[in-house]
>>> print(open('start37.txt').read())   # compact mmCIF, C-alpha atoms
# COMPACT_ATOMS: atom_id res chain seq x y z
CA MET A 1108 10.25 95.06 -76.05
CA ALA A 1109 11.56 91.51 -76.02
CA LYS A 1110 15.25 90.84 -76.58
CA MET A 1111 15.79 91.24 -80.33
CA SER A 1112 17.86 88.76 -82.30
CA LEU A 1113 20.19 89.71 -85.13
CA GLU A 1114 17.58 88.17 -87.42
CA ASP A 1115 14.90 90.55 -86.06
CA LEU A 1116 17.28 93.41 -86.69
CA ARG A 1117 17.90 92.25 -90.24
CA LYS A 1118 14.16 92.10 -90.95
CA MET A 1119 13.53 95.57 -89.56
CA ARG A 1120 16.38 96.93 -91.63
CA GLU A 1121 15.03 95.34 -94.79
CA ALA A 1122 11.59 96.82 -94.13
CA THR A 1123 13.00 100.33 -93.72
CA GLN A 1124 15.42 99.91 -96.64
CA GLN A 1125 12.49 99.48 -98.99
CA GLN A 1126 11.05 102.79 -97.80
CA ILE A 1127 14.40 104.46 -98.29
CA LYS A 1128 14.79 103.20 -101.84
CA LYS A 1129 11.53 104.87 -102.82
CA ARG A 1130 12.87 108.21 -101.69
CA GLU A 1131 16.29 107.97 -103.29
CA THR A 1132 16.26 110.91 -105.64
CA ASP A 1133 19.61 112.51 -106.33
CA GLY A 1134 21.88 110.33 -104.21
CA LYS A 1135 23.33 113.37 -102.46
CA THR A 1136 23.73 112.78 -98.78
CA ALA A 1137 24.04 115.33 -96.00
CA GLN A 1138 26.43 114.65 -93.15
CA ILE A 1139 26.23 115.52 -89.48
CA ILE A 1140 29.50 115.13 -87.59
CA VAL A 1141 29.26 115.24 -83.81
CA GLY A 1142 32.37 115.98 -81.71
CA MET A 1143 32.62 113.23 -79.09
CA GLY A 1144 35.96 113.83 -77.40
CA THR A 1145 36.32 114.12 -73.62
CA CYS A 1146 35.08 117.71 -73.92
CA GLY A 1147 32.08 116.82 -76.11
CA ILE A 1148 30.99 113.94 -73.90
CA ALA A 1149 31.31 116.10 -70.79
CA ALA A 1150 29.16 118.79 -72.41
CA GLY A 1151 26.39 116.36 -73.37
CA ALA A 1152 27.26 115.33 -76.95
CA LYS A 1153 25.60 111.94 -76.44
CA ALA A 1154 22.26 113.65 -75.83
CA THR A 1155 22.92 115.74 -78.96
CA LEU A 1156 23.59 112.62 -81.02
CA ASP A 1157 20.45 110.96 -79.66
CA ALA A 1158 18.44 114.08 -80.55
CA PHE A 1159 19.68 114.00 -84.17
CA VAL A 1160 18.86 110.30 -84.52
CA LYS A 1161 15.38 110.80 -83.05
CA GLU A 1162 14.63 113.95 -85.04
CA LEU A 1163 15.80 112.51 -88.38
CA ASP A 1164 13.90 109.29 -87.75
CA GLU A 1165 10.71 111.17 -86.92
CA LYS A 1166 11.01 113.31 -90.04
CA GLY A 1167 11.53 110.18 -92.15
CA MET A 1168 15.03 111.32 -93.13
CA GLY A 1169 16.89 108.42 -91.49
CA GLY A 1170 18.15 107.07 -94.79
CA GLU A 1171 19.22 110.40 -96.26
CA VAL A 1172 21.52 111.78 -93.59
CA VAL A 1173 24.79 110.31 -92.40
CA ILE A 1174 25.66 110.83 -88.74
CA ARG A 1175 29.32 110.44 -87.87
CA GLN A 1176 31.24 110.84 -84.65
CA THR A 1177 34.61 112.41 -84.33
CA GLY A 1178 36.98 113.35 -81.53
CA CYS A 1179 37.71 116.81 -80.24
CA MET A 1180 37.60 119.53 -82.94
CA GLY A 1181 39.66 121.98 -80.85
CA LEU A 1182 36.58 123.97 -79.89
CA CYS A 1183 36.18 122.61 -76.37
CA ASN A 1184 34.75 125.87 -75.06
CA ASN A 1185 31.84 125.57 -77.49
CA GLU A 1186 30.92 121.92 -76.99
CA PRO A 1187 28.85 120.11 -77.99
CA THR A 1188 30.05 121.00 -81.49
CA VAL A 1189 28.52 119.68 -84.69
CA GLU A 1190 29.72 120.04 -88.27
CA VAL A 1191 26.98 120.03 -90.89
CA VAL A 1192 27.90 119.22 -94.47
CA VAL A 1193 25.14 119.68 -97.01
CA PRO A 1194 25.91 119.28 -100.73
CA GLY A 1195 25.89 122.70 -102.39
CA MET A 1196 26.39 124.58 -99.12
CA PRO A 1197 29.58 125.48 -97.20
CA SER A 1198 30.46 123.21 -94.26
CA ILE A 1199 29.29 124.81 -91.06
CA ILE A 1200 30.39 124.16 -87.49
CA TYR A 1201 27.82 124.90 -84.84
CA GLY A 1202 28.57 125.25 -81.13
CA GLY A 1203 26.45 124.72 -78.05
CA VAL A 1204 24.31 122.19 -79.86
CA ASN A 1205 21.85 120.81 -77.32
CA ALA A 1206 18.76 118.78 -78.24
CA ALA A 1207 16.75 121.92 -79.10
CA VAL A 1208 19.47 123.28 -81.39
CA ALA A 1209 19.79 119.83 -83.00
CA LYS A 1210 16.10 119.99 -83.85
CA GLY A 1211 16.64 123.47 -85.30
CA ILE A 1212 19.53 122.21 -87.46
CA VAL A 1213 17.34 119.45 -88.89
CA GLU A 1214 14.38 121.73 -89.50
CA LYS A 1215 16.23 124.79 -90.81
CA HIS A 1216 19.67 123.80 -92.14
CA LEU A 1217 18.81 120.38 -93.53
CA MET A 1218 15.21 120.91 -94.59
CA LYS A 1219 15.10 124.62 -95.55
CA LYS A 1220 18.80 125.19 -96.34
CA GLU A 1221 18.89 128.10 -93.91
CA LEU A 1222 21.75 128.61 -91.45
CA LEU A 1223 21.32 129.05 -87.70
CA ASN A 1224 23.39 132.24 -87.62
CA ASP A 1225 23.65 132.66 -83.86
CA ARG A 1226 25.21 129.21 -83.38
CA ILE A 1227 27.92 129.27 -86.05
CA ILE A 1228 31.51 128.94 -84.78
CA ASP A 1229 34.09 130.50 -87.06
CA ARG A 1230 37.33 130.44 -85.09
CA PRO A 1231 39.24 128.00 -82.86
CA ALA A 1232 39.49 128.27 -79.09
CA VAL A 1233 41.54 131.21 -77.80
CA ASP A 1234 44.32 128.99 -76.40
CA LEU A 1235 44.98 127.54 -79.86
CA LEU A 1236 45.36 130.89 -81.64
CA LYS A 1237 48.89 132.20 -82.14
CA LYS A 1238 49.54 135.20 -79.95
CA MET B 555 34.87 114.38 -63.77
CA HIS B 556 32.27 113.07 -66.20
CA TYR B 557 28.63 113.28 -65.21
CA THR B 558 28.01 109.53 -65.55
CA LEU B 559 30.16 106.41 -65.42
CA CYS B 560 29.12 105.51 -68.97
CA ASP B 561 30.43 108.87 -70.25
CA MET B 562 33.78 107.98 -68.71
CA PHE B 563 33.71 104.48 -70.23
CA SER B 564 32.94 106.07 -73.63
CA ASP B 565 35.97 108.28 -73.30
CA LEU B 566 38.28 105.39 -72.35
CA THR B 567 36.97 103.09 -75.09
CA GLN B 568 37.43 105.83 -77.66
CA ASN B 569 41.13 105.93 -76.67
CA ALA B 570 41.30 102.19 -77.43
CA ILE B 571 39.68 102.65 -80.85
CA GLU B 572 41.89 105.62 -81.72
CA ALA B 573 45.04 103.65 -80.82
CA GLY B 574 44.76 101.92 -84.20
CA SER B 575 43.34 98.69 -82.80
CA SER B 576 41.85 96.01 -85.00
CA ILE B 577 40.13 94.24 -82.10
CA ILE B 578 38.76 95.79 -78.93
CA THR B 579 36.88 93.90 -76.26
CA VAL B 580 34.69 95.52 -73.64
CA GLU B 581 33.36 93.52 -70.75
CA MET B 582 30.81 95.05 -68.39
CA ILE B 583 29.66 93.18 -65.30
CA MET B 584 27.03 94.79 -63.15
CA THR B 585 25.53 93.54 -59.92
CA ASP B 586 23.09 95.34 -57.63
CA THR B 587 26.00 97.00 -55.83
CA THR B 588 28.97 97.07 -58.22
CA ILE B 589 29.92 97.73 -61.82
CA SER B 590 33.18 96.56 -63.39
CA VAL B 591 34.42 97.33 -66.86
CA SER B 592 37.43 95.93 -68.72
CA ILE B 593 38.55 97.47 -72.00
CA ARG B 594 41.24 95.64 -73.95
CA ASP B 595 42.75 96.59 -77.27
CA ASN B 596 45.54 95.51 -79.58
CA GLY B 597 46.48 99.05 -80.56
CA LYS B 598 49.85 100.70 -80.48
CA GLY B 599 50.24 100.58 -76.68
CA MET B 600 52.29 102.84 -74.43
CA THR B 601 55.73 102.57 -72.87
CA GLY B 602 55.97 102.56 -69.08
CA GLU B 603 57.00 106.20 -69.20
CA GLN B 604 54.12 107.22 -71.50
CA LEU B 605 51.65 105.35 -69.30
CA ALA B 606 52.93 107.09 -66.17
CA ARG B 607 52.62 110.47 -67.91
CA ALA B 608 49.13 109.69 -69.21
CA THR B 609 47.89 109.73 -65.63
CA ASP B 610 48.93 113.40 -65.42
CA PRO B 611 46.08 115.72 -66.51
CA PHE B 612 48.65 118.21 -67.80
CA TYR B 613 50.10 115.72 -70.27
CA THR B 614 48.94 114.84 -73.76
CA ASP B 615 50.97 113.47 -76.66
CA GLY B 616 50.15 116.61 -78.68
CA ILE B 617 49.23 114.47 -81.70
CA LYS B 618 45.46 114.29 -81.34
CA HIS B 619 45.08 117.97 -80.56
CA PRO B 620 48.14 119.97 -81.60
CA GLY B 621 48.71 122.86 -79.23
CA ARG B 622 46.59 121.51 -76.40
CA LYS B 623 48.20 121.00 -73.04
CA VAL B 624 45.75 118.80 -71.18
CA GLY B 625 44.62 115.19 -71.50
CA LEU B 626 41.78 114.41 -69.12
CA GLY B 627 40.52 110.94 -70.09
CA ILE B 628 42.62 108.80 -67.75
CA PRO B 629 42.86 111.46 -64.98
CA PHE B 630 39.03 111.50 -64.86
CA LEU B 631 39.05 107.72 -64.30
CA ILE B 632 41.60 108.00 -61.51
CA GLN B 633 39.82 110.90 -59.85
CA THR B 634 36.46 109.14 -59.98
CA ALA B 635 37.85 105.88 -58.60
CA GLU B 636 39.85 107.53 -55.84
CA THR B 637 37.02 109.70 -54.59
CA THR B 638 34.39 106.97 -54.54
CA GLY B 639 36.17 103.90 -53.19
CA GLY B 640 36.49 102.40 -56.68
CA SER B 641 39.54 100.80 -58.25
CA TRP B 642 41.43 101.19 -61.51
CA ASN B 643 44.32 99.56 -63.26
CA ILE B 644 45.96 100.15 -66.64
CA ARG B 645 48.54 97.90 -68.23
CA SER B 646 50.07 98.63 -71.58
CA ASP B 647 52.76 97.22 -73.82
CA LYS B 648 54.40 98.56 -76.94
CA GLY B 649 55.14 95.00 -78.03
CA ASN B 650 58.29 93.98 -79.86
CA GLY B 651 56.83 93.32 -83.29
CA ALA B 652 57.27 89.57 -82.80
CA ASP B 653 56.06 87.41 -79.94
CA ILE B 654 55.00 90.19 -77.55
CA PRO B 655 51.91 91.96 -78.91
CA SER B 656 51.17 95.62 -78.35
CA GLY B 657 48.02 96.76 -76.63
CA THR B 658 46.42 98.30 -73.58
CA ALA B 659 44.14 96.92 -70.88
CA VAL B 660 42.04 99.18 -68.69
CA ASP B 661 40.17 97.63 -65.76
CA CYS B 662 38.02 99.51 -63.32
CA SER B 663 35.38 98.79 -60.74
CA PHE B 664 32.97 101.04 -58.87
CA ASP B 665 30.89 100.75 -55.75
CA LEU B 666 27.31 101.70 -56.67
CA THR B 667 26.38 102.05 -53.01
CA ASN B 668 28.91 104.83 -52.43
CA ILE B 669 27.02 108.11 -52.40
CA ASP B 670 29.80 109.85 -54.33
CA THR B 671 29.79 107.38 -57.25
CA PRO B 672 28.32 109.10 -60.34
CA PRO B 673 25.14 107.59 -61.81
CA VAL B 674 25.74 104.66 -64.20
CA GLY B 675 24.15 106.60 -67.07
CA ASP B 676 23.03 105.43 -70.49
CA VAL B 677 24.47 101.94 -71.03
CA ALA B 678 22.84 101.39 -74.46
CA GLY B 679 24.03 104.84 -75.54
CA TYR B 680 27.56 103.97 -74.45
CA PHE B 681 27.54 100.77 -76.47
CA ARG B 682 26.13 102.52 -79.53
CA HIS B 683 28.73 105.26 -79.27
CA ILE B 684 31.69 102.89 -79.26
CA LEU B 685 30.22 100.70 -82.01
CA SER B 686 29.65 103.57 -84.42
CA PHE B 687 33.02 105.18 -84.97
CA ASP B 688 34.26 105.43 -88.55
CA GLY B 689 36.69 102.85 -89.79
CA ARG B 690 37.08 99.11 -89.71
CA TYR B 691 37.59 97.57 -86.31
CA GLU B 692 36.10 94.62 -84.49
CA LEU B 693 34.50 95.38 -81.17
CA ILE B 694 33.19 92.61 -78.96
CA ILE B 695 31.00 93.71 -76.09
CA SER B 696 29.97 91.28 -73.41
CA GLY B 697 27.55 92.39 -70.78
CA THR B 698 26.42 90.65 -67.61
CA PHE B 699 23.59 92.35 -65.73
CA PRO B 700 21.21 91.21 -63.03
CA GLY B 701 18.73 89.09 -65.00
CA THR B 702 20.41 89.18 -68.41
CA SER B 703 23.66 88.74 -70.29
CA PHE B 704 24.68 89.05 -73.92
CA THR B 705 27.52 89.39 -76.38
CA VAL B 706 27.49 91.86 -79.27
CA LYS B 707 29.97 91.66 -82.13
CA ARG B 708 30.32 94.76 -84.27
CA SER B 709 30.88 92.72 -87.45
CA GLU B 710 27.68 90.72 -86.91
CA VAL B 711 25.53 93.80 -86.30
CA LEU B 712 26.99 95.53 -89.37
CA ASP B 713 26.15 92.44 -91.38
CA ALA B 714 22.57 92.34 -90.06
CA LEU B 715 22.11 95.98 -91.08
CA GLY B 716 23.53 95.34 -94.54
CA LEU B 717 26.58 97.50 -93.81
CA ALA B 718 29.29 94.82 -93.92
CA GLU B 719 30.72 96.44 -97.05
CA GLN B 720 30.80 100.02 -95.72
CA GLY B 721 32.35 98.73 -92.48
CA SER B 722 30.73 101.38 -90.30
CA PHE B 723 27.29 102.54 -89.23
CA THR B 724 26.42 105.44 -91.47
CA ASP B 725 22.90 106.71 -91.87
CA ALA B 726 20.69 107.96 -89.05
CA GLY B 727 18.26 105.10 -89.77
CA SER B 728 20.86 102.44 -88.96
CA LEU B 729 21.87 104.25 -85.76
CA LYS B 730 18.23 104.29 -84.73
CA LEU B 731 17.91 100.52 -85.31
CA LEU B 732 21.22 99.88 -83.54
CA GLY B 733 19.92 101.82 -80.53
CA MET B 734 16.69 99.82 -80.49
CA TYR B 735 18.61 96.56 -80.69
CA LEU B 736 20.93 97.47 -77.81
CA GLU B 737 18.05 98.71 -75.67
CA SER B 738 16.20 95.43 -76.24
CA LEU B 739 19.25 93.49 -75.02
CA LEU B 740 19.27 95.63 -71.88
CA GLU B 741 15.55 95.44 -71.28
CA ALA B 742 15.97 93.47 -68.06
CA TYR B 743 18.32 96.20 -66.80
CA TYR B 744 16.19 99.16 -67.84
CA GLY B 745 13.01 97.43 -66.63
>>> encode(input="start37.txt", output="structure tokens")
Amino acid sequence: MAKMSLEDLRKMREATQQQIKKRETDGKTAQIIVGMGTCGIAAGAKATLDAFVKELDEKGMGGEVVIRQTGCMGLCNNEPTVEVVVPGMPSIIYGGVNAAVAKGIVEKHLMKKELLNDRIIDRPAVDLLKK
Amino acid sequence: MHYTLCDMFSDLTQNAIEAGSSIITVEMIMTDTTISVSIRDNGKGMTGEQLARATDPFYTDGIKHPGRKVGLGIPFLIQTAETTGGSWNIRSDKGNGADIPSGTAVDCSFDLTNIDTPPVGDVAGYFRHILSFDGRYELIISGTFPGTSFTVKRSEVLDALGLAEQGSFTDAGSLKLLGMYLESLLEAYYG
């Protein structure tokens, strides 16, 4: 790939925007929030983020899902952690989200509206709970 | 310590963004044997005492993560530099609200020939990570690598992707394009 210019980038964006517009149905957007604090980075959150981007792009869902990054969620022992917000469903925090789990979240949670029960985190780290 | 140098740079740059900065500059200079990174921000800065304490892994301001007792970002930098023959320096100023501006400057340099230096890691991924935080901030990245050099301004890339109004990279599609763009700039480095 040759060095792209900002103009090349603009053209590619416009080409994909047209595809996105065709698919805009209800305007409801799902969100994926990846924890990228010191703990998340150390546990491989960048690979997790890359996996989400790749997976959503391959499934043609790049324009429908927002991916955001946040700092530490206080669940360092379960990193990489990812919060998934889908309209009409409760917000879910998943732990231990590697590339394979990220694929599962896209295929099950986002596409079929099914939760990945064995990865759900429902309480903060032990050191943050009041004794 | 972090697995790659770029993971550590991500961590340090995130501190700069979270300090409430409106402008952050990141300069990366890589040769065949060394890598140097300078991160400068105009955020809230630290007092001399806060800066000294930030180098202690058992210190954190308790604001970002209430209840937590460790802060490992800067200690990781120090540990990595000290164990691999690298160097580090942090200067910070709270400013006085008038002629002395607040901000922090982190400079570090690593010897890529030292067997204990972690791998450089994913440079394009590092740049994408620090460009795509929520919120409005200008980030200017300048990179000098063997065979190539470039400057990336966050505002210009947002504009090219039609996101100038939102002020941050949002959908997975734009992150994908941003990644492709950054990888193309680094083509000479990745080979």
>>> closest_atom_pairs(input="start37.txt", of="region 1138-1237 of chain A", to="region 562-583 of chain B", cutoff="10 Å", atoms="all atoms listed in the file", output="JSON lines")
{"residue": "A:Met1143", "atom": "CA", "partner": "B:Asp565", "partner_atom": "CA", "distance": 8.3}
{"residue": "A:Gly1144", "atom": "CA", "partner": "B:Asp565", "partner_atom": "CA", "distance": 6.9}
{"residue": "A:Thr1145", "atom": "CA", "partner": "B:Asp565", "partner_atom": "CA", "distance": 5.9}
{"residue": "A:Cys1146", "atom": "CA", "partner": "B:Asp565", "partner_atom": "CA", "distance": 9.5}
{"residue": "A:Gly1147", "atom": "CA", "partner": "B:Asp565", "partner_atom": "CA", "distance": 9.8}
{"residue": "A:Ile1148", "atom": "CA", "partner": "B:Asp565", "partner_atom": "CA", "distance": 7.6}
{"residue": "A:Ala1149", "atom": "CA", "partner": "B:Met562", "partner_atom": "CA", "distance": 8.7}
{"residue": "A:Lys1153", "atom": "CA", "partner": "B:Ser564", "partner_atom": "CA", "distance": 9.8}
{"residue": "A:Thr1177", "atom": "CA", "partner": "B:Gln568", "partner_atom": "CA", "distance": 9.8}
{"residue": "A:Gly1178", "atom": "CA", "partner": "B:Gln568", "partner_atom": "CA", "distance": 8.5}
>>> closest_residue(input="start37.txt", among="B:Thr634, B:Gly721, B:Leu626, B:Arg645", to="Gln604 (chain B)", atoms="only C-alpha atoms")
B:Arg645
>>> interface_residues(input="start37.txt", of="chain B", to="chain A", cutoff="9 Å", atoms="all atoms listed in the file", output="VMD selection string")
chain B and resid 555 to 557 561 to 562 564 to 565 568 618 to 622 625 to 627 679 to 680 683 686 to 688 710 to 711 713 to 716 723 to 732 734 to 742
>>> write_last_selection(input="start37.txt", atoms="C-alpha atoms", output="mmCIF file, in the coordinates of the input")
data_model
loop_
_atom_site.group_PDB
_atom_site.id
_atom_site.type_symbol
_atom_site.label_atom_id
_atom_site.label_comp_id
_atom_site.auth_asym_id
_atom_site.auth_seq_id
_atom_site.Cartn_x
_atom_site.Cartn_y
_atom_site.Cartn_z
ATOM 1 C CA MET B 555 34.870 114.380 -63.770
ATOM 2 C CA HIS B 556 32.270 113.070 -66.200
ATOM 3 C CA TYR B 557 28.630 113.280 -65.210
ATOM 4 C CA ASP B 561 30.430 108.870 -70.250
ATOM 5 C CA MET B 562 33.780 107.980 -68.710
ATOM 6 C CA SER B 564 32.940 106.070 -73.630
ATOM 7 C CA ASP B 565 35.970 108.280 -73.300
ATOM 8 C CA GLN B 568 37.430 105.830 -77.660
ATOM 9 C CA LYS B 618 45.460 114.290 -81.340
ATOM 10 C CA HIS B 619 45.080 117.970 -80.560
ATOM 11 C CA PRO B 620 48.140 119.970 -81.600
ATOM 12 C CA GLY B 621 48.710 122.860 -79.230
ATOM 13 C CA ARG B 622 46.590 121.510 -76.400
ATOM 14 C CA GLY B 625 44.620 115.190 -71.500
ATOM 15 C CA LEU B 626 41.780 114.410 -69.120
ATOM 16 C CA GLY B 627 40.520 110.940 -70.090
ATOM 17 C CA GLY B 679 24.030 104.840 -75.540
ATOM 18 C CA TYR B 680 27.560 103.970 -74.450
ATOM 19 C CA HIS B 683 28.730 105.260 -79.270
ATOM 20 C CA SER B 686 29.650 103.570 -84.420
ATOM 21 C CA PHE B 687 33.020 105.180 -84.970
ATOM 22 C CA ASP B 688 34.260 105.430 -88.550
ATOM 23 C CA GLU B 710 27.680 90.720 -86.910
ATOM 24 C CA VAL B 711 25.530 93.800 -86.300
ATOM 25 C CA ASP B 713 26.150 92.440 -91.380
ATOM 26 C CA ALA B 714 22.570 92.340 -90.060
ATOM 27 C CA LEU B 715 22.110 95.980 -91.080
ATOM 28 C CA GLY B 716 23.530 95.340 -94.540
ATOM 29 C CA PHE B 723 27.290 102.540 -89.230
ATOM 30 C CA THR B 724 26.420 105.440 -91.470
ATOM 31 C CA ASP B 725 22.900 106.710 -91.870
ATOM 32 C CA ALA B 726 20.690 107.960 -89.050
ATOM 33 C CA GLY B 727 18.260 105.100 -89.770
ATOM 34 C CA SER B 728 20.860 102.440 -88.960
ATOM 35 C CA LEU B 729 21.870 104.250 -85.760
ATOM 36 C CA LYS B 730 18.230 104.290 -84.730
ATOM 37 C CA LEU B 731 17.910 100.520 -85.310
ATOM 38 C CA LEU B 732 21.220 99.880 -83.540
ATOM 39 C CA MET B 734 16.690 99.820 -80.490
ATOM 40 C CA TYR B 735 18.610 96.560 -80.690
ATOM 41 C CA LEU B 736 20.930 97.470 -77.810
ATOM 42 C CA GLU B 737 18.050 98.710 -75.670
ATOM 43 C CA SER B 738 16.200 95.430 -76.240
ATOM 44 C CA LEU B 739 19.250 93.490 -75.020
ATOM 45 C CA LEU B 740 19.270 95.630 -71.880
ATOM 46 C CA GLU B 741 15.550 95.440 -71.280
ATOM 47 C CA ALA B 742 15.970 93.470 -68.060
#
>>> atom_distance(input="start37.txt", atom1="CA of Thr609 (chain B)", atom2="CA of Ser696 (chain B)")
26.9 Å
>>> atom_distance(input="start37.txt", atom1="CA of Thr698 (chain B)", atom2="CA of Gly733 (chain B)")
18.3 Å
>>> atom_distance(input="start37.txt", atom1="CA of Gly1195 (chain A)", atom2="CA of Lys1215 (chain A)")
15.2 Å
>>> residues_near_point(input="start37.txt", point="(16.1, 90.6, -65.9)", cutoff="6 Å", atoms="only C-alpha atoms", output="PyMOL selection string")
chain B and resi 700-702+742
>>> residues_near_point(input="start37.txt", point="(49.8, 116.2, -67.5)", cutoff="9 Å", atoms="only C-alpha atoms", output="list in words")
Arg607, Ala608, Thr609, Asp610, Pro611, Phe612, Tyr613, Thr614, Lys623, Val624, Gly625, Leu626 and Pro629 of chain B
>>> write_last_selection(input="start37.txt", atoms="C-alpha atoms", output="PDB file, in the frame of the given file")
ATOM      1  CA  ARG B 607      52.620 110.470 -67.910  1.00  0.00           C
ATOM      2  CA  ALA B 608      49.130 109.690 -69.210  1.00  0.00           C
ATOM      3  CA  THR B 609      47.890 109.730 -65.630  1.00  0.00           C
ATOM      4  CA  ASP B 610      48.930 113.400 -65.420  1.00  0.00           C
ATOM      5  CA  PRO B 611      46.080 115.720 -66.510  1.00  0.00           C
ATOM      6  CA  PHE B 612      48.650 118.210 -67.800  1.00  0.00           C
ATOM      7  CA  TYR B 613      50.100 115.720 -70.270  1.00  0.00           C
ATOM      8  CA  THR B 614      48.940 114.840 -73.760  1.00  0.00           C
ATOM      9  CA  LYS B 623      48.200 121.000 -73.040  1.00  0.00           C
ATOM     10  CA  VAL B 624      45.750 118.800 -71.180  1.00  0.00           C
ATOM     11  CA  GLY B 625      44.620 115.190 -71.500  1.00  0.00           C
ATOM     12  CA  LEU B 626      41.780 114.410 -69.120  1.00  0.00           C
ATOM     13  CA  PRO B 629      42.860 111.460 -64.980  1.00  0.00           C
TER      14      PRO B 629
END
>>> residues_around(input="start37.txt", residues="region 1216-1229 of chain A", least_positions_apart="3", cutoff="6 Å", atoms="all atoms listed in the file", output="PDB file with C-alpha atoms, in the coordinates of the input")
ATOM      1  CA  ILE A1200      30.390 124.160 -87.490  1.00  0.00           C
ATOM      2  CA  TYR A1201      27.820 124.900 -84.840  1.00  0.00           C
ATOM      3  CA  GLY A1202      28.570 125.250 -81.130  1.00  0.00           C
ATOM      4  CA  ILE A1212      19.530 122.210 -87.460  1.00  0.00           C
ATOM      5  CA  VAL A1213      17.340 119.450 -88.890  1.00  0.00           C
TER       6      VAL A1213
END
>>> axis_aligned_box(input="start37.txt", around="region 712-722 of chain B", padding_each_side="3 Å", output="JSON")
{"center_x": 27.2, "center_y": 96.9, "center_z": -93.2, "size_x": 16.2, "size_y": 15.0, "size_z": 13.7}
>>> closest_residue(input="start37.txt", among="B:Ala659, B:Arg690, B:Tyr743, B:Ile589", to="Ser703 (chain B)", atoms="only C-alpha atoms")
B:Tyr743
